[in-house]
Every structure is written in C-alpha cells, then in structure tokens.
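Q: Would you mind keeping the following structure in view while I ask a few things?
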Amino acid sequence: MSAGGRDTTLGDDDQRPERSDRWHRGWEQLTRLNGTTDPKVVRRIEELSPDLARMIVEFGYGEAYADRPMDVLDEQQRQLVTIGALAAMGGCDDQLAVHARVAINAGLAPAQVIEAILHALPYIGFPRTINALEAVRRVLERGRDRPGTAPT
C-alpha cells in the first residue's frame with residue numbers, strides 16, 4: 001500500500017529501512033501480545049488509513065507497551081487497566097474483545113478479566129458493564145470453538 005509514494009504496508013516487509021525503531025518495537029509487542037504474526041485488526045485499519053495503522057503500532061504498542069517500565073506495571077496489570085478504561089468509555093466492544101484475548105494470552109484467568117469489569121460496575125453503570133461482559137463472552141466462546149485462541 002502506498003501513501004504519498006512511500007511504502008506503508010505492515011508486517012510482510014517490516015524490515016524496510018524507513019521503519020522507525022519505535023515501529024519495530026511496537027510491531028514486536030503487537031504480534032507477541034496478540035499471539036500472531038498477522039494482527040488482522042491492524043491490517044483492516046491500514047486499508048482505510050495507513051497513517052492510523054502506523055500510529056497504533058508506533059505509539060499504541062511501541063511506546064505505551066514496549067517503552068514503558070514493566071517493573072511498575074506488568075503486562076497483566078496493563079491489560080486490566082486497558083480493559084477497565086475501554087469498558088468505562090463504552091462503544092469499544094471490538095477493542096475490549098481484543099484486549100480481553102490479549103489479557104488471557106498474557107496469563108490472566110477469564111475470571112480475573114470478568115472480575116475487573118464487575119469491579120468497575122459502580123463507576124461505569126450496568127449498560128457498559130453488560131456490554132463489556134458480552135465482549136468477553138465472545139472471546140471465550142471463540143476460544144472454545146478454536147482451541148488455542150483463548151484459554152477457558
């Protein structure tokens with residue numbers, strides 16, 4: 001894919017010299033956390049906006065995950081914070097499902113993800129709590145349908 005004459009495609013050719021160090025760190029985090037070398041969600045975004053896909057990789061994963069001190073908050077704790085924030089925002093069910101899967105892949109039990117959402121109930125209300133739990137349900141059901149995608 002090209003934007004302004006520069007290559008903006010993700011993944012397949014991720015060793016191109018125009019990729020920033022932060023992009024490489026972000027891509028490594030993104031693929032590791034998602035448990036795949038082909039994060040389809042970012043590829044779908046790239047089809048509409050290569051710049052947004054680049055920002056997600058560089059900032060969302062390269063800076064917010066790869067460049068943050070893991071001795072302060074570990075990956076599991078970061079995922080619980082992210083899940084709580086997405087649940088509180090509402091309307092982020094797809095992103096919440098992605099991070100619920102990442103949290104489980106990082107070693108959290110489904111019950112811990114569910115409890116984090118339930119803990120937010122007094123602050124975010126019933127509708128957002130219910131919607132967040134439904135997003136987690138979808139992740140868990142997919143895990144039962146396809147072993148290895150989300151432990152139950």
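Going by the structure tokens order, chains are called A, B, ..., each with residues numbered from 1, while ligands are numbered from 1 in the order shown.
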Just list as a ChimeraX atom specification whatever in segment 60-109 of chain A DSSP marks as helix (DSSP H, G or I).
A: /A:60-63,75-89,93-105
Q: Just to be explicit: take each residue in the selection above, keep C-alpha atoms, and write the result as a PDB file, in the first residue's frame.
A:
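Now in selection.pdb:
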ATOM      1  CA  GLY A  60      -0.005   2.203  20.970  1.00  0.00           C
ATOM      2  CA  TYR A  61       2.458  -0.668  21.123  1.00  0.00           C
ATOM      3  CA  GLY A  62       5.907   0.838  20.562  1.00  0.00           C
ATOM      4  CA  GLU A  63       5.569   3.486  23.226  1.00  0.00           C
ATOM      5  CA  GLU A  75       1.546  -6.956  31.152  1.00  0.00           C
ATOM      6  CA  GLN A  76      -1.373  -8.450  33.055  1.00  0.00           C
ATOM      7  CA  GLN A  77      -1.877  -5.289  35.090  1.00  0.00           C
ATOM      8  CA  ARG A  78      -1.639  -3.128  31.966  1.00  0.00           C
ATOM      9  CA  GLN A  79      -4.321  -5.241  30.306  1.00  0.00           C
ATOM     10  CA  LEU A  80      -6.640  -4.910  33.312  1.00  0.00           C
ATOM     11  CA  VAL A  81      -6.218  -1.119  33.207  1.00  0.00           C
ATOM     12  CA  THR A  82      -6.897  -1.122  29.460  1.00  0.00           C
ATOM     13  CA  ILE A  83      -9.980  -3.319  29.846  1.00  0.00           C
ATOM     14  CA  GLY A  84     -11.324  -1.061  32.602  1.00  0.00           C
ATOM     15  CA  ALA A  85     -10.755   2.052  30.500  1.00  0.00           C
ATOM     16  CA  LEU A  86     -12.414   0.552  27.414  1.00  0.00           C
ATOM     17  CA  ALA A  87     -15.377  -0.673  29.469  1.00  0.00           C
ATOM     18  CA  ALA A  88     -15.761   2.795  31.004  1.00  0.00           C
ATOM     19  CA  MET A  89     -15.663   4.504  27.613  1.00  0.00           C
ATOM     20  CA  ASP A  93     -16.567  -3.599  22.325  1.00  0.00           C
ATOM     21  CA  ASP A  94     -14.292  -4.749  19.498  1.00  0.00           C
ATOM     22  CA  GLN A  95     -11.229  -3.223  21.150  1.00  0.00           C
ATOM     23  CA  LEU A  96     -12.288  -4.612  24.521  1.00  0.00           C
ATOM     24  CA  ALA A  97     -12.549  -8.093  22.997  1.00  0.00           C
ATOM     25  CA  VAL A  98      -9.032  -7.766  21.553  1.00  0.00           C
ATOM     26  CA  HIS A  99      -7.615  -6.752  24.929  1.00  0.00           C
ATOM     27  CA  ALA A 100      -9.572  -9.447  26.777  1.00  0.00           C
ATOM     28  CA  ARG A 101      -7.957 -12.024  24.489  1.00  0.00           C
ATOM     29  CA  VAL A 102      -4.537 -10.413  24.994  1.00  0.00           C
ATOM     30  CA  ALA A 103      -5.076 -10.430  28.791  1.00  0.00           C
ATOM     31  CA  ILE A 104      -5.915 -14.124  28.731  1.00  0.00           C
ATOM     32  CA  ASN A 105      -2.938 -14.828  26.450  1.00  0.00           C
TER      33      ASN A 105
END
Q: In Å, with one decimal, what is the gap from atom CA of Leu48 of chain A to atom CA of Gln29 of chain A?
A: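 Separation between atom CA of Leu48 of chain A and atom CA of Gln29 of chain A: 22.5 Å.
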Q: Name all residues at most 6 Å from Ala53 of chain A (count only C-alpha atoms; drop same-chain ones fewer than 6 positions away) and give them as number ranges by chain.
A: A: 42, 45-46
Q: Which is closest to Asn131 of chain A among A:Ala64, A:Ala116, A:Cys92, A:Met70, if we use only C-alpha atoms?
A: A:Cys92
Q: Interatomic distance between atom CA of Val57 of chain A and atom CA of Trp27 of chain A?
A: 5.8 Å
